[in-house]
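Report on the following structure.
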Amino acid sequence: MHLFDLDGTLLYGSAAAVEISQQLGVEREIRQLEAAFAAGGLTPPQFAARACALWTELTDEIVHAAFDGAPWLAGIREVWARIRADGEHCAVISLSPDFFVRRLQEWGADATHGSHWPEVPRAMPNGGTKYPLRPLDPSGILSPGSKVKIAGQLCAEFGVHAQDCVAYGDSMSDAALFATVPVSVAVNADHHVRSLASHHYNGRDLREAYGLVSRPR
């Protein structure tokens, strides 16, 4: 099974929260939160709560525009189609909002897991109610350790073992998962995971990163 991170991995040099914030005109503020989180100054639930406070105008249409306009690596659909054609599985595990991450199921991911943020309405009721319509539940926000737990659940679901997994990631949030699987690919990665990874890839095409671990045809 192939386990993919999203922010900084499938997205080149960006994150779901950044792409959404660009659509809402609060990119500077979200990048400050991203920097604080990366430095350990914010927990994942604290980051989510502050981001929600910035996204008062968020609608499903904005999420759709952010997803479509994001800087995705090339070849994602092709890689996942190849994985599935080989009888293997592919999944995305991300700390980003589930309402963004799960759209990747339409691209061929067997499973997606993201943090459970409040759902996004298609349009604001009566034009006045602000996002989120319900309070954020901190217990639904994933942590780096959650990736290991979810990977175990996916192994049980798809009938594979941890030693049969390959992880793809770029940052500190992937370190724990990298430490639990035998093969890992650092994709445009920072120093937190480069020393842990089996393989390293810098570029903008997932087909090339996947080629480091795929069986030749």
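Every chain in the structure tokens has a letter given in the order shown (A, B, ...), and although residue numbers restart at 1 in each chain, ligands are simply numbered from 1 in the order shown.
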
Practice prompt. Could you please write out, as a PyMOL selection string, every residue of range 100-162 of chain A that DSSP assigns to alpha helix (DSSP H)?
Written response: chain A and resi 100-101+144-158

Worksheet item: Which residues, written as a PyMOL selection string, have at least one atom at most 8 Å from Tyr168 in chain A, with only C-alpha atoms counted and residues fewer than 3 positions away on the same chain left out?
Response: chain A and resi 2-5+9+184-187

With N, CA and C atoms retained, could you export that selection as a tab-separated table (two decimals), in the first residue's frame?
chain	number	residue	atom	x	y	z
A	2	HIS	N	0.48	2.24	-0.77
A	2	HIS	CA	1.21	3.49	-0.89
A	2	HIS	C	0.44	4.58	-0.13
A	3	LEU	N	1.12	5.23	0.81
A	3	LEU	CA	0.51	6.21	1.70
A	3	LEU	C	1.08	7.59	1.41
A	4	PHE	N	0.22	8.50	0.98
A	4	PHE	CA	0.66	9.82	0.54
A	4	PHE	C	0.23	10.92	1.51
A	5	ASP	N	1.17	11.78	1.83
A	5	ASP	CA	0.85	13.05	2.47
A	5	ASP	C	0.32	14.00	1.40
A	9	THR	N	3.63	17.67	-0.43
A	9	THR	CA	3.97	16.40	-1.08
A	9	THR	C	3.23	16.29	-2.40
A	184	SER	N	10.29	4.56	2.27
A	184	SER	CA	9.70	5.90	2.29
A	184	SER	C	10.38	6.78	1.25
A	185	VAL	N	9.62	7.73	0.75
A	185	VAL	CA	10.13	8.66	-0.26
A	185	VAL	C	9.94	10.08	0.25
A	186	ALA	N	11.04	10.79	0.44
A	186	ALA	CA	10.99	12.19	0.82
A	186	ALA	C	10.79	13.02	-0.44
A	187	VAL	N	9.63	13.67	-0.54
A	187	VAL	CA	9.25	14.41	-1.74
A	187	VAL	C	9.39	15.91	-1.45

Sorted by chain and rising residue number, which residues of range 92-198 of chain A lie within 8 Å of range 53-56 of chain A, and what are their closest atom pairs and distances in Å to one decimal, counting only C-alpha atoms, as JSON lines?
{"residue": "A:Lys130", "atom": "CA", "partner": "A:Thr56", "partner_atom": "CA", "distance": 4.9}
{"residue": "A:Tyr131", "atom": "CA", "partner": "A:Thr56", "partner_atom": "CA", "distance": 4.4}
{"residue": "A:Pro132", "atom": "CA", "partner": "A:Thr56", "partner_atom": "CA", "distance": 6.7}

Item to complete: Enter the distance from CA of Ser96 in chain A to CA of Ser143 in chain A, in Å, rounded to one decimal.
Response: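 The value is 10.1 Å.
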
Worksheet item: Residues of range 19-217 of chain A in strand (DSSP E or B) according to DSSP, as a VMD selection string?
Response: chain A and resid 72 74 90 to 97 111 to 115 166 to 169 183 to 187 199 to 201 205

Worksheet item: What lies within 12 Å of Glu61 in chain A using only C-alpha atoms, ignoring chain neighbours under 5 positions off, as a list in words?
Response: Ile20, Gln23, Leu24, Ala66, Phe67, Asp68, Phe99, Phe100, Val120, Pro121, Arg122, Ala123 and Met124 of chain A

Write the residues of the selection above to a file with all heavy atoms, as an mmCIF file, in the first residue's frame.
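Resulting contents of part30.cif:
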data_model
loop_
_atom_site.group_PDB
_atom_site.id
_atom_site.type_symbol
_atom_site.label_atom_id
_atom_site.label_comp_id
_atom_site.auth_asym_id
_atom_site.auth_seq_id
_atom_site.Cartn_x
_atom_site.Cartn_y
_atom_site.Cartn_z
ATOM 1 N N ILE A 20 -6.747 27.611 0.167
ATOM 2 C CA ILE A 20 -8.053 28.138 0.567
ATOM 3 C C ILE A 20 -7.935 29.599 0.982
ATOM 4 O O ILE A 20 -8.749 30.450 0.598
ATOM 5 C CB ILE A 20 -8.643 27.290 1.701
ATOM 6 C CG1 ILE A 20 -9.004 25.888 1.179
ATOM 7 C CG2 ILE A 20 -9.867 27.967 2.326
ATOM 8 C CD1 ILE A 20 -9.362 24.898 2.272
ATOM 9 N N GLN A 23 -7.784 32.143 -1.787
ATOM 10 C CA GLN A 23 -9.099 32.447 -2.344
ATOM 11 C C GLN A 23 -9.859 33.454 -1.487
ATOM 12 O O GLN A 23 -10.685 34.223 -1.989
ATOM 13 C CB GLN A 23 -9.929 31.155 -2.458
ATOM 14 C CG GLN A 23 -9.371 30.125 -3.423
ATOM 15 C CD GLN A 23 -9.510 30.543 -4.878
ATOM 16 O OE1 GLN A 23 -10.481 31.200 -5.249
ATOM 17 N NE2 GLN A 23 -8.538 30.158 -5.699
ATOM 18 N N LEU A 24 -9.579 33.454 -0.184
ATOM 19 C CA LEU A 24 -10.301 34.321 0.757
ATOM 20 C C LEU A 24 -9.558 35.623 1.062
ATOM 21 O O LEU A 24 -10.068 36.464 1.805
ATOM 22 C CB LEU A 24 -10.546 33.567 2.072
ATOM 23 C CG LEU A 24 -11.504 32.381 1.982
ATOM 24 C CD1 LEU A 24 -11.423 31.539 3.250
ATOM 25 C CD2 LEU A 24 -12.932 32.860 1.760
ATOM 26 N N ALA A 66 -10.190 26.516 -4.831
ATOM 27 C CA ALA A 66 -8.867 26.309 -4.240
ATOM 28 C C ALA A 66 -8.279 24.977 -4.691
ATOM 29 O O ALA A 66 -7.098 24.890 -5.037
ATOM 30 C CB ALA A 66 -8.948 26.367 -2.718
ATOM 31 N N PHE A 67 -9.109 23.948 -4.702
ATOM 32 C CA PHE A 67 -8.644 22.624 -5.114
ATOM 33 C C PHE A 67 -8.232 22.628 -6.584
ATOM 34 O O PHE A 67 -7.161 22.146 -6.945
ATOM 35 C CB PHE A 67 -9.755 21.602 -4.877
ATOM 36 C CG PHE A 67 -9.355 20.174 -5.143
ATOM 37 C CD1 PHE A 67 -8.843 19.386 -4.128
ATOM 38 C CD2 PHE A 67 -9.491 19.620 -6.407
ATOM 39 C CE1 PHE A 67 -8.459 18.064 -4.365
ATOM 40 C CE2 PHE A 67 -9.123 18.308 -6.664
ATOM 41 C CZ PHE A 67 -8.602 17.528 -5.635
ATOM 42 N N ASP A 68 -9.068 23.174 -7.425
ATOM 43 C CA ASP A 68 -8.797 23.171 -8.863
ATOM 44 C C ASP A 68 -7.581 24.025 -9.222
ATOM 45 O O ASP A 68 -6.867 23.728 -10.183
ATOM 46 C CB ASP A 68 -10.014 23.676 -9.633
ATOM 47 C CG ASP A 68 -11.109 22.621 -9.741
ATOM 48 O OD1 ASP A 68 -10.872 21.467 -9.325
ATOM 49 O OD2 ASP A 68 -12.193 22.959 -10.247
ATOM 50 N N PHE A 99 -12.685 17.992 4.130
ATOM 51 C CA PHE A 99 -13.502 18.432 2.993
ATOM 52 C C PHE A 99 -12.653 18.790 1.778
ATOM 53 O O PHE A 99 -13.163 18.872 0.666
ATOM 54 C CB PHE A 99 -14.434 19.596 3.370
ATOM 55 C CG PHE A 99 -13.763 20.822 3.948
ATOM 56 C CD1 PHE A 99 -12.994 21.661 3.160
ATOM 57 C CD2 PHE A 99 -13.929 21.158 5.287
ATOM 58 C CE1 PHE A 99 -12.394 22.806 3.681
ATOM 59 C CE2 PHE A 99 -13.330 22.298 5.824
ATOM 60 C CZ PHE A 99 -12.563 23.113 5.020
ATOM 61 N N PHE A 100 -11.361 19.003 1.971
ATOM 62 C CA PHE A 100 -10.427 19.211 0.856
ATOM 63 C C PHE A 100 -9.795 17.888 0.446
ATOM 64 O O PHE A 100 -9.760 17.536 -0.735
ATOM 65 C CB PHE A 100 -9.347 20.205 1.290
ATOM 66 C CG PHE A 100 -8.467 20.705 0.179
ATOM 67 C CD1 PHE A 100 -8.732 21.907 -0.454
ATOM 68 C CD2 PHE A 100 -7.346 19.987 -0.225
ATOM 69 C CE1 PHE A 100 -7.916 22.382 -1.479
ATOM 70 C CE2 PHE A 100 -6.520 20.445 -1.236
ATOM 71 C CZ PHE A 100 -6.799 21.648 -1.868
ATOM 72 N N VAL A 120 -18.519 22.511 5.134
ATOM 73 C CA VAL A 120 -18.638 23.804 4.467
ATOM 74 C C VAL A 120 -19.950 23.859 3.698
ATOM 75 O O VAL A 120 -20.258 22.942 2.924
ATOM 76 C CB VAL A 120 -17.458 24.010 3.500
ATOM 77 C CG1 VAL A 120 -17.565 25.364 2.802
ATOM 78 C CG2 VAL A 120 -16.143 23.889 4.259
ATOM 79 N N PRO A 121 -20.744 24.917 3.871
ATOM 80 C CA PRO A 121 -22.005 25.027 3.123
ATOM 81 C C PRO A 121 -21.749 25.412 1.672
ATOM 82 O O PRO A 121 -20.708 25.982 1.332
ATOM 83 C CB PRO A 121 -22.744 26.144 3.859
ATOM 84 C CG PRO A 121 -21.644 27.016 4.393
ATOM 85 C CD PRO A 121 -20.532 26.066 4.774
ATOM 86 N N ARG A 122 -22.695 25.099 0.807
ATOM 87 C CA ARG A 122 -22.576 25.508 -0.593
ATOM 88 C C ARG A 122 -22.678 27.024 -0.719
ATOM 89 O O ARG A 122 -22.032 27.633 -1.558
ATOM 90 C CB ARG A 122 -23.660 24.834 -1.430
ATOM 91 C CG ARG A 122 -23.478 23.331 -1.568
ATOM 92 C CD ARG A 122 -24.295 22.794 -2.720
ATOM 93 N NE ARG A 122 -23.929 23.396 -3.998
ATOM 94 C CZ ARG A 122 -22.884 23.011 -4.734
ATOM 95 N NH1 ARG A 122 -22.110 22.031 -4.315
ATOM 96 N NH2 ARG A 122 -22.638 23.588 -5.884
ATOM 97 N N ALA A 123 -23.507 27.626 0.101
ATOM 98 C CA ALA A 123 -23.618 29.086 0.137
ATOM 99 C C ALA A 123 -24.065 29.463 1.533
ATOM 100 O O ALA A 123 -24.718 28.683 2.215
ATOM 101 C CB ALA A 123 -24.619 29.594 -0.899
ATOM 102 N N MET A 124 -23.694 30.635 1.979
ATOM 103 C CA MET A 124 -24.057 31.054 3.321
ATOM 104 C C MET A 124 -25.573 31.251 3.431
ATOM 105 O O MET A 124 -26.157 31.999 2.635
ATOM 106 C CB MET A 124 -23.340 32.358 3.697
ATOM 107 C CG MET A 124 -21.854 32.177 3.887
ATOM 108 S SD MET A 124 -21.470 31.005 5.201
ATOM 109 C CE MET A 124 -19.698 30.863 5.004
#

Closest atom pairs, residues of range 87-146 of chain A within 12 Å of range 155-166 of chain A, only C-alpha atoms, as a tab-separated table:
residue	atom	partner	partner_atom	distance
A:Gly87	CA	A:Phe158	CA	11.0
A:Glu88	CA	A:Phe158	CA	9.3
A:His89	CA	A:Phe158	CA	7.8
A:Cys90	CA	A:Val166	CA	9.5
A:Ala91	CA	A:Val166	CA	10.5
A:Val92	CA	A:Val166	CA	11.8
A:Asp110	CA	A:Phe158	CA	9.6
A:Ala111	CA	A:Phe158	CA	10.2

Would you export the selected residues with C-alpha atoms as a PDB file, in the first residue's frame, please?
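Now in selection.pdb:
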ATOM      1  CA  GLY A  87      -3.249  -4.880  -7.500  1.00  0.00           C
ATOM      2  CA  GLU A  88      -1.912  -2.473  -4.862  1.00  0.00           C
ATOM      3  CA  HIS A  89      -3.627   0.302  -2.931  1.00  0.00           C
ATOM      4  CA  CYS A  90      -3.130   4.044  -2.512  1.00  0.00           C
ATOM      5  CA  ALA A  91      -4.341   6.294   0.280  1.00  0.00           C
ATOM      6  CA  VAL A  92      -3.915   9.909   1.357  1.00  0.00           C
ATOM      7  CA  ASP A 110      -8.654   4.112  -2.543  1.00  0.00           C
ATOM      8  CA  ALA A 111      -9.059   6.020   0.726  1.00  0.00           C
TER       9      ALA A 111
END

Discussion item. Ranking A:Ala175, A:Thr180, A:Ser198, A:Pro135 by minimum distance to Leu212 in chain A and counting only C-alpha atoms, which one comes first?
Written reply: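 Closest to Leu212 in chain A, using only C-alpha atoms: A:Ser198.
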
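For the choices A:Met172, A:Cys52, A:Ala17, A:Ala179, the atom-to-atom distance to Ala70 in chain A is smallest for A:Ala17 when using only C-alpha atoms.
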
Fill in: Residue among A:Glu106, A:Glu119, A:Glu34, A:Asp60 lying closest to Leu133 in chain A, counting only C-alpha atoms
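Of A:Glu106, A:Glu119, A:Glu34, A:Asp60, the one nearest Leu133 in chain A is A:Glu119, counting only C-alpha atoms.
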
Worksheet entry | Nearest to Ala189 in chain A, chosen from A:Ala74, A:Leu11, A:Val26, A:Ala109, with only C-alpha atoms counted in the distances |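 Comparing A:Ala74, A:Leu11, A:Val26, A:Ala109 against Ala189 in chain A, the winner is A:Leu11.
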
Discussion item. Applying 10 Å and only C-alpha atoms, which residues near Gly145 in chain A remain after dropping the ones on its own chain fewer than 3 positions away? List them as an MDAnalysis selection string.
Written reply: chainID A and resid 142 148:150 173:177

Kindly export the residues of the current selection with N, CA, C and O atoms, as a compact mmCIF listing (two decimals), in the first residue's frame.
# COMPACT_ATOMS: atom_id res chain seq x y z
N LEU A 142 -6.42 15.76 13.32
CA LEU A 142 -5.36 14.77 13.33
C LEU A 142 -4.02 15.37 13.77
O LEU A 142 -3.78 16.57 13.63
N VAL A 148 0.12 7.28 11.83
CA VAL A 148 0.53 5.91 12.10
C VAL A 148 -0.69 5.05 12.44
O VAL A 148 -0.84 3.93 11.95
N LYS A 149 -1.58 5.58 13.28
CA LYS A 149 -2.79 4.85 13.66
C LYS A 149 -3.68 4.59 12.45
O LYS A 149 -4.16 3.46 12.25
N ILE A 150 -3.87 5.59 11.61
CA ILE A 150 -4.72 5.43 10.43
C ILE A 150 -4.09 4.46 9.45
O ILE A 150 -4.78 3.64 8.84
N SER A 173 5.51 16.28 10.06
CA SER A 173 4.28 15.53 10.30
C SER A 173 4.33 14.12 9.73
O SER A 173 3.48 13.28 10.05
N ASP A 174 5.35 13.84 8.90
CA ASP A 174 5.49 12.51 8.30
C ASP A 174 6.55 11.66 8.98
O ASP A 174 6.70 10.47 8.66
N ALA A 175 7.28 12.22 9.92
CA ALA A 175 8.42 11.52 10.51
C ALA A 175 8.00 10.24 11.22
O ALA A 175 8.65 9.20 11.07
N ALA A 176 6.92 10.28 11.99
CA ALA A 176 6.50 9.10 12.73
C ALA A 176 6.10 7.98 11.78
O ALA A 176 6.43 6.80 12.01
N LEU A 177 5.41 8.32 10.69
CA LEU A 177 5.01 7.30 9.73
C LEU A 177 6.23 6.74 9.00
O LEU A 177 6.33 5.52 8.78

Practice prompt. Mind checking which residues fall within 12 Å of Ala85 in chain A, counting only C-alpha atoms, ignoring those fewer than 5 positions away in the same chain, and posting them as a ChimeraX atom specification?
Written response: /A:78-80,90,108,217

Expected file: the selected residues, all heavy atoms, as a PDB file, in the first residue's frame:
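And here is the file that came out, part31.pdb:
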ATOM      1  N   GLU A  78      -2.230   9.232 -12.960  1.00  0.00           N
ATOM      2  CA  GLU A  78      -1.542   8.147 -13.642  1.00  0.00           C
ATOM      3  C   GLU A  78      -0.856   7.200 -12.663  1.00  0.00           C
ATOM      4  O   GLU A  78      -0.901   5.968 -12.828  1.00  0.00           O
ATOM      5  CB  GLU A  78      -0.502   8.711 -14.623  1.00  0.00           C
ATOM      6  CG  GLU A  78      -1.102   9.424 -15.817  1.00  0.00           C
ATOM      7  CD  GLU A  78      -1.360  10.909 -15.566  1.00  0.00           C
ATOM      8  OE1 GLU A  78      -1.448  11.324 -14.382  1.00  0.00           O
ATOM      9  OE2 GLU A  78      -1.479  11.650 -16.554  1.00  0.00           O
ATOM     10  N   VAL A  79      -0.221   7.754 -11.637  1.00  0.00           N
ATOM     11  CA  VAL A  79       0.444   6.919 -10.632  1.00  0.00           C
ATOM     12  C   VAL A  79      -0.566   6.066  -9.893  1.00  0.00           C
ATOM     13  O   VAL A  79      -0.364   4.851  -9.705  1.00  0.00           O
ATOM     14  CB  VAL A  79       1.248   7.785  -9.646  1.00  0.00           C
ATOM     15  CG1 VAL A  79       1.685   6.965  -8.432  1.00  0.00           C
ATOM     16  CG2 VAL A  79       2.462   8.385 -10.342  1.00  0.00           C
ATOM     17  N   TRP A  80      -1.670   6.662  -9.480  1.00  0.00           N
ATOM     18  CA  TRP A  80      -2.659   5.893  -8.725  1.00  0.00           C
ATOM     19  C   TRP A  80      -3.326   4.831  -9.598  1.00  0.00           C
ATOM     20  O   TRP A  80      -3.628   3.735  -9.125  1.00  0.00           O
ATOM     21  CB  TRP A  80      -3.682   6.839  -8.103  1.00  0.00           C
ATOM     22  CG  TRP A  80      -3.071   7.675  -7.005  1.00  0.00           C
ATOM     23  CD1 TRP A  80      -1.825   7.518  -6.472  1.00  0.00           C
ATOM     24  CD2 TRP A  80      -3.653   8.788  -6.342  1.00  0.00           C
ATOM     25  NE1 TRP A  80      -1.606   8.474  -5.502  1.00  0.00           N
ATOM     26  CE2 TRP A  80      -2.700   9.267  -5.398  1.00  0.00           C
ATOM     27  CE3 TRP A  80      -4.872   9.442  -6.453  1.00  0.00           C
ATOM     28  CZ2 TRP A  80      -2.956  10.358  -4.567  1.00  0.00           C
ATOM     29  CZ3 TRP A  80      -5.139  10.527  -5.628  1.00  0.00           C
ATOM     30  CH2 TRP A  80      -4.190  10.981  -4.691  1.00  0.00           C
ATOM     31  N   CYS A  90      -3.678   2.719  -2.779  1.00  0.00           N
ATOM     32  CA  CYS A  90      -3.130   4.044  -2.512  1.00  0.00           C
ATOM     33  C   CYS A  90      -4.091   4.816  -1.628  1.00  0.00           C
ATOM     34  O   CYS A  90      -5.310   4.748  -1.793  1.00  0.00           O
ATOM     35  CB  CYS A  90      -2.851   4.801  -3.808  1.00  0.00           C
ATOM     36  SG  CYS A  90      -4.238   4.866  -4.968  1.00  0.00           S
ATOM     37  N   GLY A 108      -8.716   8.818  -7.908  1.00  0.00           N
ATOM     38  CA  GLY A 108      -8.297   7.423  -7.873  1.00  0.00           C
ATOM     39  C   GLY A 108      -7.751   6.914  -6.565  1.00  0.00           C
ATOM     40  O   GLY A 108      -7.331   5.756  -6.495  1.00  0.00           O
ATOM     41  N   ARG A 217       8.266  -2.502 -15.554  1.00  0.00           N
ATOM     42  CA  ARG A 217       7.365  -3.320 -16.352  1.00  0.00           C
ATOM     43  C   ARG A 217       8.091  -3.886 -17.567  1.00  0.00           C
ATOM     44  O   ARG A 217       9.010  -3.297 -18.081  1.00  0.00           O
ATOM     45  CB  ARG A 217       6.148  -2.516 -16.794  1.00  0.00           C
ATOM     46  CG  ARG A 217       5.178  -2.254 -15.649  1.00  0.00           C
ATOM     47  CD  ARG A 217       3.916  -1.627 -16.160  1.00  0.00           C
ATOM     48  NE  ARG A 217       2.859  -1.713 -15.158  1.00  0.00           N
ATOM     49  CZ  ARG A 217       1.617  -1.254 -15.359  1.00  0.00           C
ATOM     50  NH1 ARG A 217       1.301  -0.689 -16.508  1.00  0.00           N
ATOM     51  NH2 ARG A 217       0.698  -1.374 -14.424  1.00  0.00           N
TER      52      ARG A 217
END

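Around Ala51 in chain A, within 9 Å and counting only C-alpha atoms, the residues found are Ala17, Ser21, Glu29, Ile30, Leu33, Gln46, Phe47 and Trp55 of chain A, once anything fewer than 4 positions away on its own chain is removed.
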
What would the file look like if the residues just selected were written as a PDB file, in the first residue's frame with N, CA and C atoms?
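So selection-v2.pdb came out as:
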ATOM      1  N   ALA A  17      -4.538  24.622   3.342  1.00  0.00           N
ATOM      2  CA  ALA A  17      -4.936  25.833   4.063  1.00  0.00           C
ATOM      3  C   ALA A  17      -4.474  27.095   3.347  1.00  0.00           C
ATOM      4  N   SER A  21      -6.896  29.904   1.754  1.00  0.00           N
ATOM      5  CA  SER A  21      -6.719  31.271   2.247  1.00  0.00           C
ATOM      6  C   SER A  21      -6.439  32.254   1.126  1.00  0.00           C
ATOM      7  N   GLU A  29      -2.023  35.913   6.667  1.00  0.00           N
ATOM      8  CA  GLU A  29      -2.362  35.458   8.018  1.00  0.00           C
ATOM      9  C   GLU A  29      -2.178  33.945   8.169  1.00  0.00           C
ATOM     10  N   ILE A  30      -2.562  33.182   7.145  1.00  0.00           N
ATOM     11  CA  ILE A  30      -2.440  31.725   7.269  1.00  0.00           C
ATOM     12  C   ILE A  30      -0.977  31.310   7.221  1.00  0.00           C
ATOM     13  N   LEU A  33       0.350  31.506  10.620  1.00  0.00           N
ATOM     14  CA  LEU A  33      -0.072  30.346  11.415  1.00  0.00           C
ATOM     15  C   LEU A  33       0.723  29.103  11.025  1.00  0.00           C
ATOM     16  N   GLN A  46      -5.108  23.938  17.710  1.00  0.00           N
ATOM     17  CA  GLN A  46      -4.995  25.397  17.817  1.00  0.00           C
ATOM     18  C   GLN A  46      -4.873  26.026  16.426  1.00  0.00           C
ATOM     19  N   PHE A  47      -4.087  25.405  15.568  1.00  0.00           N
ATOM     20  CA  PHE A  47      -3.988  25.897  14.191  1.00  0.00           C
ATOM     21  C   PHE A  47      -5.357  25.878  13.529  1.00  0.00           C
ATOM     22  N   TRP A  55     -11.591  32.068   8.212  1.00  0.00           N
ATOM     23  CA  TRP A  55     -12.336  31.620   7.033  1.00  0.00           C
ATOM     24  C   TRP A  55     -13.839  31.871   7.168  1.00  0.00           C
TER      25      TRP A  55
END
